[in-house]
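Participant: Below is start-v7.json; it holds JSON, C-alpha atoms and all ligand atoms.
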[["chain", "number", "residue", "atom", "x", "y", "z"],
["A", 1, "MET", "CA", -18.01, 1.74, -9.31],
["A", 2, "ASP", "CA", -17.42, 2.57, -13.01],
["A", 3, "LYS", "CA", -13.98, 3.61, -14.22],
["A", 4, "PRO", "CA", -13.82, 7.46, -13.94],
["A", 5, "ALA", "CA", -14.06, 9.07, -17.36],
["A", 6, "ASN", "CA", -12.33, 12.29, -16.26],
["A", 7, "PRO", "CA", -10.54, 13.87, -13.24],
["A", 8, "MET", "CA", -13.76, 15.55, -12.08],
["A", 9, "GLU", "CA", -15.26, 12.16, -11.25],
["A", 10, "ILE", "CA", -12.28, 11.46, -8.99],
["A", 11, "TYR", "CA", -12.50, 14.95, -7.48],
["A", 12, "LYS", "CA", -16.04, 14.13, -6.35],
["A", 13, "LEU", "CA", -14.61, 11.35, -4.13],
["A", 14, "LEU", "CA", -12.27, 13.79, -2.31],
["A", 15, "ASP", "CA", -12.68, 15.96, 0.78],
["A", 16, "LYS", "CA", -12.30, 19.13, -1.37],
["A", 17, "SER", "CA", -10.58, 20.95, 1.52],
["A", 18, "ASN", "CA", -7.31, 21.56, -0.40],
["A", 19, "CYS", "CA", -5.50, 20.64, 2.83],
["A", 20, "ARG", "CA", -2.31, 19.63, 0.89],
["A", 21, "LYS", "CA", -1.61, 16.55, 3.00],
["A", 22, "CYS", "CA", -1.13, 14.66, -0.27],
["A", 23, "ASN", "CA", 1.58, 17.20, -1.27],
["A", 24, "GLU", "CA", -0.53, 18.52, -4.14],
["A", 25, "LYS", "CA", -1.59, 22.15, -4.17],
["A", 26, "THR", "CA", -5.28, 21.38, -4.58],
["A", 27, "CYS", "CA", -7.67, 18.44, -4.49],
["A", 28, "MET", "CA", -8.23, 19.01, -8.22],
["A", 29, "ALA", "CA", -4.48, 18.66, -8.92],
["A", 30, "PHE", "CA", -4.49, 15.44, -6.90],
["A", 31, "ALA", "CA", -7.52, 14.16, -8.83],
["A", 32, "ALA", "CA", -5.76, 14.90, -12.13],
["A", 33, "ALA", "CA", -2.62, 13.03, -10.97],
["A", 34, "VAL", "CA", -4.73, 10.02, -9.91],
["A", 35, "PHE", "CA", -6.53, 10.07, -13.27],
["A", 36, "LYS", "CA", -3.15, 9.95, -15.08],
["A", 37, "GLY", "CA", -2.02, 7.02, -12.89],
["A", 38, "GLN", "CA", 0.73, 9.10, -11.26],
["A", 39, "ARG", "CA", -0.76, 8.98, -7.77],
["A", 40, "SER", "CA", -2.89, 6.50, -5.84],
["A", 41, "LEU", "CA", -6.27, 7.50, -4.45],
["A", 42, "SER", "CA", -5.16, 5.97, -1.13],
["A", 43, "GLU", "CA", -2.65, 8.83, -0.73],
["A", 44, "CYS", "CA", -5.49, 11.15, 0.28],
["A", 45, "PRO", "CA", -6.05, 10.32, 3.96],
["A", 46, "TYR", "CA", -9.70, 11.37, 3.81],
["A", 47, "VAL", "CA", -10.88, 8.77, 1.31],
["A", 48, "ASP", "CA", -12.23, 5.72, 3.14],
["A", 49, "PRO", "CA", -10.63, 2.33, 2.37],
["A", 50, "GLU", "CA", -13.85, 0.90, 0.84],
["A", 51, "THR", "CA", -13.94, 3.72, -1.72],
["A", 52, "VAL", "CA", -10.23, 3.21, -2.49],
["A", 53, "ALA", "CA", -10.78, -0.54, -2.98],
["A", 54, "ALA", "CA", -13.81, -0.01, -5.26],
["A", 55, "PHE", "CA", -11.88, 2.59, -7.27],
["A", 56, "GLU", "CA", -8.90, 0.28, -7.75],
["A", 57, "GLU", "CA", -11.12, -2.60, -8.85],
["A", 58, "SER", "CA", -12.82, -0.41, -11.49],
["A", 59, "GLY", "CA", -9.42, 0.65, -12.82],
["A", 60, "LYS", "CA", -8.11, -2.90, -12.99],
["A", 61, "LYS", "CA", -11.15, -4.23, -14.87],
["A", 62, "GLN", "CA", -11.30, -1.56, -17.50],
["A", 63, "THR", "CA", -7.76, -0.41, -18.05],
["A", 64, "GLY", "CA", -6.23, -3.84, -18.63],
["A", 65, "ASP", "CA", -6.48, -3.60, -22.42],
["A", 66, "GLU", "CA", -5.23, 0.02, -22.50],
["A", 67, "ALA", "CA", -2.26, -0.88, -20.31],
["A", 68, "GLN", "CA", -1.46, -3.83, -22.58],
["A", 69, "ILE", "CA", -1.49, -1.58, -25.66],
["A", 70, "ASN", "CA", 0.89, 0.90, -23.99],
["A", 71, "VAL", "CA", 3.29, -1.74, -22.84],
["A", 72, "ASP", "CA", 3.22, -3.45, -26.26],
["A", 73, "GLU", "CA", 4.04, -0.11, -27.92],
["A", 74, "THR", "CA", 6.95, 0.35, -25.49],
["A", 75, "VAL", "CA", 8.26, -3.12, -26.34],
["A", 76, "GLU", "CA", 8.23, -2.29, -30.06],
["A", 77, "LYS", "CA", 10.03, 1.04, -29.54],
["A", 78, "LEU", "CA", 12.68, -0.64, -27.43],
["A", 79, "ARG", "CA", 13.02, -3.52, -29.91],
["A", 80, "HIS", "CA", 13.84, -0.91, -32.55],
["A", 81, "GLN", "CA", 16.56, 0.51, -30.26],
["A", 82, "VAL", "CA", 17.94, -3.01, -29.62],
["A", 83, "ARG", "CA", 18.41, -3.38, -33.39],
["A", 84, "GLN", "CA", 20.56, -0.25, -33.36],
["A", 85, "THR", "CA", 22.63, -1.33, -30.34],
["A", 86, "ASP", "CA", 26.05, -2.97, -30.55],
["A", 87, "LEU", "CA", 25.21, -6.10, -28.56],
["A", 88, "GLN", "CA", 28.85, -7.09, -28.16],
["A", 89, "GLU", "CA", 29.63, -3.71, -26.57],
["A", 90, "ALA", "CA", 26.49, -4.03, -24.41],
["A", 91, "ALA", "CA", 27.65, -7.46, -23.19],
["A", 92, "GLY", "CA", 30.97, -5.91, -22.09],
["A", 93, "ARG", "CA", 29.17, -3.07, -20.32],
["A", 94, "LEU", "CA", 26.81, -5.45, -18.50],
["A", 95, "ASP", "CA", 29.21, -8.34, -17.78],
["A", 96, "ALA", "CA", 26.88, -10.42, -19.94],
["A", 97, "VAL", "CA", 27.68, -13.08, -22.55],
["A", 98, "TYR", "CA", 27.84, -12.40, -26.28],
["A", 99, "ALA", "CA", 27.99, -15.24, -28.79],
["A", 100, "LYS", "CA", 26.73, -15.85, -32.32],
["A", 101, "GLY", "CA", 24.98, -12.50, -32.61],
["A", 102, "ARG", "CA", 23.10, -12.85, -29.32],
["A", 103, "ILE", "CA", 23.52, -11.18, -25.94],
["A", 104, "THR", "CA", 22.55, -13.34, -22.96],
["A", 105, "VAL", "CA", 21.69, -11.77, -19.61],
["A", 106, "LYS", "CA", 20.41, -13.51, -16.50],
["A", 107, "VAL", "CA", 16.80, -12.69, -15.65],
["A", 108, "MET", "CA", 15.90, -14.05, -12.21],
["A", 109, "GLY", "CA", 18.93, -16.29, -12.59],
["A", 110, "LYS", "CA", 17.77, -17.75, -15.94],
["A", 111, "ASP", "CA", 19.28, -17.17, -19.39],
["A", 112, "PHE", "CA", 17.47, -14.56, -21.49],
["A", 113, "SER", "CA", 19.00, -14.06, -24.96],
["A", 114, "VAL", "CA", 18.25, -11.35, -27.48],
["A", 115, "ASP", "CA", 19.50, -11.31, -31.07],
["A", 116, "THR", "CA", 20.37, -8.35, -33.28],
["A", 117, "ASP", "CA", 16.80, -8.28, -34.59],
["A", 118, "GLY", "CA", 15.33, -8.02, -31.08],
["A", 119, "ARG", "CA", 14.08, -11.62, -31.03],
["A", 120, "VAL", "CA", 13.99, -13.25, -27.60],
["A", 121, "TYR", "CA", 15.16, -16.77, -26.65],
["A", 122, "THR", "CA", 14.55, -17.92, -23.07],
["A", 123, "GLU", "CA", 13.07, -20.67, -20.95],
["A", 124, "ILE", "CA", 11.19, -18.22, -18.72],
["A", 125, "HIS", "CA", 7.65, -17.11, -19.50],
["A", 126, "VAL", "CA", 8.02, -14.07, -21.76],
["A", 127, "ASN", "CA", 5.57, -11.24, -21.29],
["A", 128, "PRO", "CA", 5.96, -7.52, -22.02],
["A", 129, "TRP", "CA", 6.33, -6.75, -18.32],
["A", 130, "VAL", "CA", 9.63, -8.64, -18.42],
["A", 131, "THR", "CA", 10.67, -7.72, -21.97],
["A", 132, "VAL", "CA", 10.45, -3.94, -21.40],
["A", 133, "PRO", "CA", 12.99, -3.77, -18.55],
["A", 134, "VAL", "CA", 15.33, -6.28, -20.22],
["A", 135, "PHE", "CA", 15.40, -4.33, -23.51],
["A", 136, "ASP", "CA", 15.85, -1.05, -21.61],
["A", 137, "TYR", "CA", 18.71, -2.65, -19.62],
["A", 138, "ILE", "CA", 20.49, -3.85, -22.78],
["A", 139, "VAL", "CA", 20.10, -0.51, -24.57],
["A", 140, "ASN", "CA", 20.56, 2.04, -21.78],
["A", 141, "ALA", "CA", 22.18, 0.57, -18.63],
["A", 142, "LYS", "CA", 25.47, 2.20, -17.68],
["A", 143, "GLY", "CA", 26.60, -1.05, -16.10],
["A", 144, "THR", "CA", 27.09, 0.35, -12.57],
["A", 145, "ALA", "CA", 27.76, -2.53, -10.15],
["A", 146, "PRO", "CA", 25.42, -3.15, -7.18],
["A", 147, "THR", "CA", 26.23, -0.88, -4.22],
["A", 148, "GLY", "CA", 24.65, -2.85, -1.35],
["A", 149, "GLN", "CA", 22.63, 0.28, -0.48],
["A", 150, "TRP", "CA", 18.86, -0.30, -0.53],
["A", 151, "ALA", "CA", 16.18, 2.29, -1.16],
["A", 152, "PRO", "CA", 12.40, 2.17, -1.60],
["A", 153, "LEU", "CA", 11.06, 3.22, -5.00],
["A", 154, "ARG", "CA", 9.93, 6.63, -3.71],
["A", 155, "GLU", "CA", 13.58, 7.52, -2.89],
["A", 156, "LEU", "CA", 14.88, 6.72, -6.37],
["A", 157, "LYS", "CA", 15.15, 9.46, -9.03],
["A", 158, "GLY", "CA", 11.63, 10.03, -10.39],
["A", 159, "GLY", "CA", 10.24, 7.36, -8.05],
["A", 160, "ARG", "CA", 7.96, 9.52, -5.92],
["A", 161, "GLU", "CA", 5.32, 9.81, -8.65],
["A", 162, "ARG", "CA", 5.31, 6.05, -9.17],
["A", 163, "ALA", "CA", 5.42, 5.02, -5.48],
["A", 164, "GLY", "CA", 1.64, 4.97, -4.88],
["A", 165, "LEU", "CA", 0.95, 2.87, -7.93],
["A", 166, "PHE", "CA", 3.89, 0.56, -7.13],
["A", 167, "ALA", "CA", 2.52, -0.05, -3.63],
["A", 168, "GLN", "CA", -0.94, -0.87, -5.06],
["A", 169, "ARG", "CA", 0.07, -2.95, -8.05],
["A", 170, "CYS", "CA", 3.22, -4.65, -6.77],
["A", 171, "GLU", "CA", 3.78, -4.61, -3.01],
["A", 172, "LYS", "CA", 0.16, -5.28, -1.97],
["A", 173, "PRO", "CA", -0.34, -8.24, -4.35],
["A", 174, "LEU", "CA", 3.06, -9.68, -3.32],
["A", 175, "LYS", "CA", 2.04, -9.33, 0.33],
["A", 176, "ARG", "CA", -1.23, -11.16, -0.39],
["A", 177, "ILE", "CA", 0.75, -13.96, -2.06],
["A", 178, "ALA", "CA", 3.20, -14.13, 0.85],
["A", 179, "ASP", "CA", 0.28, -14.25, 3.32],
["A", 180, "THR", "CA", -1.44, -17.16, 1.58],
["A", 181, "TYR", "CA", 1.19, -19.09, -0.39],
["A", 182, "PRO", "CA", 3.38, -21.01, 2.05],
["A", 183, "ASP", "CA", 6.19, -21.72, -0.42],
["A", 184, "PHE", "CA", 6.54, -18.12, -1.59],
["A", 185, "PHE", "CA", 9.96, -17.46, -0.06],
["A", 186, "ASN", "CA", 11.24, -21.00, -0.67],
["A", 187, "ASP", "CA", 10.38, -20.64, -4.36],
["A", 188, "MET", "CA", 12.22, -17.33, -4.51],
["A", 189, "LEU", "CA", 15.29, -19.05, -3.08],
["A", 190, "GLU", "CA", 15.11, -22.22, -5.15],
["A", 191, "ILE", "CA", 13.49, -21.34, -8.49],
["A", 192, "PHE", "CA", 14.79, -17.81, -8.84],
["A", 193, "SER", "CA", 18.23, -18.21, -7.22],
["A", 194, "GLY", "CA", 17.33, -15.87, -4.36],
["A", 195, "LYS", "CA", 19.56, -15.40, -1.34],
["A", 196, "ARG", "CA", 18.60, -14.68, 2.25],
["A", 197, "ALA", "CA", 19.64, -11.16, 3.17],
["A", 198, "GLU", "CA", 21.96, -10.64, 6.12],
["A", 199, "SER", "CA", 20.25, -7.50, 7.34],
["A", 200, "GLY", "CA", 16.78, -6.74, 6.10],
["A", 201, "PHE", "CA", 15.31, -3.83, 8.01],
["A", 202, "ASP", "CA", 14.46, -6.17, 10.94],
["A", 203, "ALA", "CA", 12.11, -8.11, 8.66],
["A", 204, "ASP", "CA", 11.00, -11.65, 9.59],
["A", 205, "THR", "CA", 12.12, -12.77, 6.12],
["A", 206, "ALA", "CA", 14.33, -10.86, 3.71],
["A", 207, "VAL", "CA", 15.36, -12.21, 0.32],
["A", 208, "VAL", "CA", 17.58, -10.70, -2.36],
["A", 209, "LEU", "CA", 16.63, -11.44, -5.96],
["A", 210, "HIS", "CA", 18.30, -10.49, -9.21],
["A", 211, "PRO", "CA", 15.55, -9.75, -11.73],
["A", 212, "LEU", "CA", 18.55, -8.41, -13.67],
["A", 213, "PRO", "CA", 22.18, -8.82, -12.55],
["A", 214, "LYS", "CA", 22.74, -5.09, -12.08],
["A", 215, "ALA", "CA", 19.29, -4.36, -10.68],
["A", 216, "PRO", "CA", 18.95, -6.43, -7.49],
["A", 217, "ILE", "CA", 15.92, -6.08, -5.25],
["A", 218, "LEU", "CA", 15.35, -6.86, -1.59],
["A", 219, "ILE", "CA", 11.93, -8.19, -0.57],
["A", 220, "CYS", "CA", 11.21, -7.78, 3.15],
["A", 221, "TYR", "CA", 8.25, -9.42, 4.85],
["A", 222, "TRP", "CA", 6.97, -8.87, 8.34],
["A", 223, "GLY", "CA", 4.43, -11.53, 9.41],
["A", 224, "PRO", "CA", 1.21, -10.61, 11.20],
["A", 225, "GLU", "CA", 1.46, -9.98, 14.92],
["A", 226, "GLU", "CA", -1.15, -9.43, 17.58],
["A", 227, "GLY", "CA", -3.38, -6.65, 16.32],
["A", 228, "MET", "CA", -1.04, -5.84, 13.42],
["A", 229, "GLU", "CA", -1.35, -6.81, 9.78],
["A", 230, "SER", "CA", 1.56, -8.33, 7.91],
["A", 231, "ASN", "CA", 3.67, -6.02, 5.76],
["A", 232, "LEU", "CA", 5.81, -6.44, 2.65],
["A", 233, "GLN", "CA", 8.15, -3.89, 1.12],
["A", 234, "VAL", "CA", 10.40, -3.98, -1.90],
["A", 235, "PHE", "CA", 13.73, -2.14, -1.89],
["A", 236, "PHE", "CA", 16.05, -1.53, -4.84],
["A", 237, "ASP", "CA", 19.83, -1.46, -4.89],
["A", 238, "THR", "CA", 20.67, 2.17, -5.66],
["A", 239, "CYS", "CA", 22.69, 1.07, -8.73],
["A", 240, "VAL", "CA", 19.30, 0.62, -10.44],
["A", 241, "GLU", "CA", 19.19, 4.41, -10.97],
["A", 242, "ASP", "CA", 22.06, 4.04, -13.46],
["A", 243, "ASN", "CA", 20.85, 0.84, -15.02],
["A", 244, "LEU", "CA", 17.09, 1.22, -15.63],
["A", 245, "ASN", "CA", 14.73, 4.10, -16.14],
["A", 246, "ILE", "CA", 12.04, 4.49, -13.51],
["A", 247, "ASN", "CA", 9.27, 3.16, -15.75],
["A", 248, "SER", "CA", 11.27, -0.01, -16.29],
["A", 249, "VAL", "CA", 11.80, -0.34, -12.53],
["A", 250, "TYR", "CA", 8.03, -0.16, -12.07],
["A", 251, "THR", "CA", 7.43, -2.59, -14.94],
["A", 252, "LEU", "CA", 9.94, -5.02, -13.47],
["A", 253, "GLY", "CA", 7.91, -5.02, -10.23],
["A", 254, "ALA", "CA", 4.73, -5.72, -12.20],
["A", 255, "GLY", "CA", 6.50, -8.57, -14.02],
["A", 256, "LEU", "CA", 7.54, -10.13, -10.72],
["A", 257, "VAL", "CA", 3.98, -10.01, -9.43],
["A", 258, "ASN", "CA", 2.81, -11.65, -12.65],
["A", 259, "MET", "CA", 5.35, -14.50, -12.24],
["A", 260, "PHE", "CA", 4.54, -15.12, -8.60],
["A", 261, "GLU", "CA", 0.77, -14.97, -9.17],
["A", 262, "LYS", "CA", 1.13, -17.70, -11.79],
["A", 263, "LEU", "CA", 3.24, -19.79, -9.42],
["A", 264, "SER", "CA", 0.82, -19.39, -6.54],
["A", 265, "LEU", "CA", -2.12, -20.36, -8.78],
["A", 266, "LYS", "CA", -0.26, -23.50, -9.89],
["A", 267, "HIS", "CA", 0.41, -24.28, -6.25],
["A", 268, "ALA", "CA", -3.28, -23.87, -5.37],
["A", 269, "SER", "CA", -4.54, -26.10, -8.23],
["B", 301, "LIG", "S1", -5.02, 15.25, 0.97],
["B", 301, "LIG", "FE1", -7.01, 14.90, 0.05],
["B", 301, "LIG", "S2", -8.27, 16.54, 0.83],
["B", 301, "LIG", "FE2", -6.16, 17.16, 1.16],
["B", 301, "LIG", "S3", -5.58, 18.29, -0.71],
["B", 301, "LIG", "FE3", -4.99, 16.22, -1.05],
["B", 301, "LIG", "S4", -6.76, 15.37, -2.11],
["B", 301, "LIG", "FE4", -7.48, 17.22, -1.13]]
Just give me the structure as structure tokens.
Facilitator:
Amino acid sequence: MDKPANPMEIYKLLDKSNCRKCNEKTCMAFAAAVFKGQRSLSECPYVDPETVAAFEESGKKQTGDEAQINVDETVEKLRHQVRQTDLQEAAGRLDAVYAKGRITVKVMGKDFSVDTDGRVYTEIHVNPWVTVPVFDYIVNAKGTAPTGQWAPLRELKGGRERAGLFAQRCEKPLKRIADTYPDFFNDMLEIFSGKRAESGFDADTAVVLHPLPKAPILICYWGPEEGMESNLQVFFDTCVEDNLNINSVYTLGAGLVNMFEKLSLKHAS
């Protein structure tokens, strides 16, 4: 399937009954939201899974460069804001370290330093999917401490519109990695300073990670059982609403997938 050039091409894949089960007023409104990346085609219950899979593949192949340009632009805008931020004040707000003109925050338990010119110093693999949320955190986070209350993305402010895409781009790939990469959870614990969660929605495995100190996430995995597929869901500590904007929350998820995909590929080679 080719990447749709306009919403009408997505509309053609729909039932056209305007039944509203997707919570949009019309199929055309739903098609427009899918075209803009705000909704996932899988949220219409009448589109068969093969069509959804083919649609997602076409989007992945052909929007990679566009997505990269957008995220690079966002990095540059945020870098400009970092230059205007008092990093010493930010370090106080975020319980981070400030020394010699650099703020250092922990990203997945590792040091990530940023200087007054927005230059980054870290041992972790830097890509825009990590840089965007870190810059946003330094510039805009209120510094609210973790609450211990967990919520899925769709329940966070502004999260509903992003939830479909988050499930497709973050939770499904993480589930695939967890299904096939035996050391997935051990690596989270050892490499990324994860901690087993006490109570994790009755999950078989539940791990708390700190992509950023004041934006913890809980990854819950339910292994396959007779007749039932495995499942993986990501929950966010509700403090994230004060500490990151919703686009950064989504980007953080994409960054995590990127890191774990690289790790799983290394493991397989
Ligand atoms: S659920 Fe599907 S068929 Fe129903 S209104 Fe939404 S897009 Fe149209």
Participant: Nearest residue to Gly158 in chain A out of A:Ser264, A:Gln81, A:Ser248, A:Ser58, using all atoms listed in the file?
Facilitator: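 Counting all atoms listed in the file, the residue closest to Gly158 in chain A is A:Ser248.
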Participant: Listed atoms of range 15-19 of chain A, axis-aligned box, 4 Å per side: centre and edge lengths to one decimal in Å, as AutoDock Vina command-line options?
Facilitator:
--center_x -9.1 --center_y 18.8 --center_z 0.7 --size_x 15.2 --size_y 13.6 --size_z 12.2
Participant: If you count only C-alpha atoms, which residues fall within 12 Å of Ala99 in chain A, apart from same-chain ones fewer than 3 positions away, as a list of chain:residue names?
Facilitator: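 The residues that qualify are A:Leu87, A:Gln88, A:Glu89, A:Ala91, A:Gly92, A:Ala96, A:Arg102, A:Ile103, A:Thr104, A:Val105, A:Ser113, A:Val114, A:Asp115, A:Thr116.
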Participant: Around ligand LIG 301 (chain B), at most 9 Å away and counting all atoms listed in the file, which residues are there? Put them as an MDAnalysis selection string, please.
Facilitator: chainID A and resid 11 14:31 41 43:47
Participant: Which one of A:Asp2, A:Glu198, A:Glu123, A:Asp136 sits closest to Thr251 in chain A if you count only C-alpha atoms?
Facilitator: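 Looking at the shortest contact to Thr251 in chain A, the residue is A:Asp136.
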Participant: Here is a test: counting all atoms listed in the file, which residue of A:Gly164, A:Pro152, A:Pro211, A:Pro224 is nearest to Thr180 in chain A?
Facilitator: A:Pro224
Participant: Check the smallest atom-to-atom distance from each of A:Asn140, A:Ser193, A:Thr205, A:Thr147 to Asn245 in chain A using only C-alpha atoms, then report the winner.
Facilitator: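 Checking each of A:Asn140, A:Ser193, A:Thr205, A:Thr147 against Asn245 in chain A, counting only C-alpha atoms, the winner is A:Asn140.
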Participant: For Ala254 in chain A, which of A:Val82, A:Glu171, A:Lys12, A:Gln38 is the closest residue, counting all atoms listed in the file?
Facilitator: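 For Ala254 in chain A, the nearest of the candidates is A:Glu171.
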Participant: Calculate how many Å separate CA of His125 in chain A from CA of Glu73 in chain A, rounding to one decimal.
Facilitator: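 Distance between the two atoms: 19.3 Å.
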Participant: Hey, can you check how far CA of Lys3 in chain A sits from CA of Arg154 in chain A?
Facilitator: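 For CA of Lys3 in chain A relative to CA of Arg154 in chain A, the distance reads 26.3 Å.
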Participant: Which residue is closest to Glu241 in chain A? Choose from A:Gly253, A:Gly159, A:Pro173, A:Gly194 and count only C-alpha atoms.
Facilitator: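 Smallest distance to Glu241 in chain A is found for A:Gly159.
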Participant: What is the distance between CA of His80 in chain A and CA of Pro133 in chain A, in Å to one decimal?
Facilitator: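 Atom-to-atom, CA of His80 in chain A to CA of Pro133 in chain A, that is 14.3 Å.
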Participant: If we count all atoms listed in the file, what is near Glu229 in chain A at a cut-off of 12 Å, once residues fewer than 3 positions away on the same chain are taken out, given as a ChimeraX atom specification?
Facilitator: /A:172,175-176,179,221-226,232
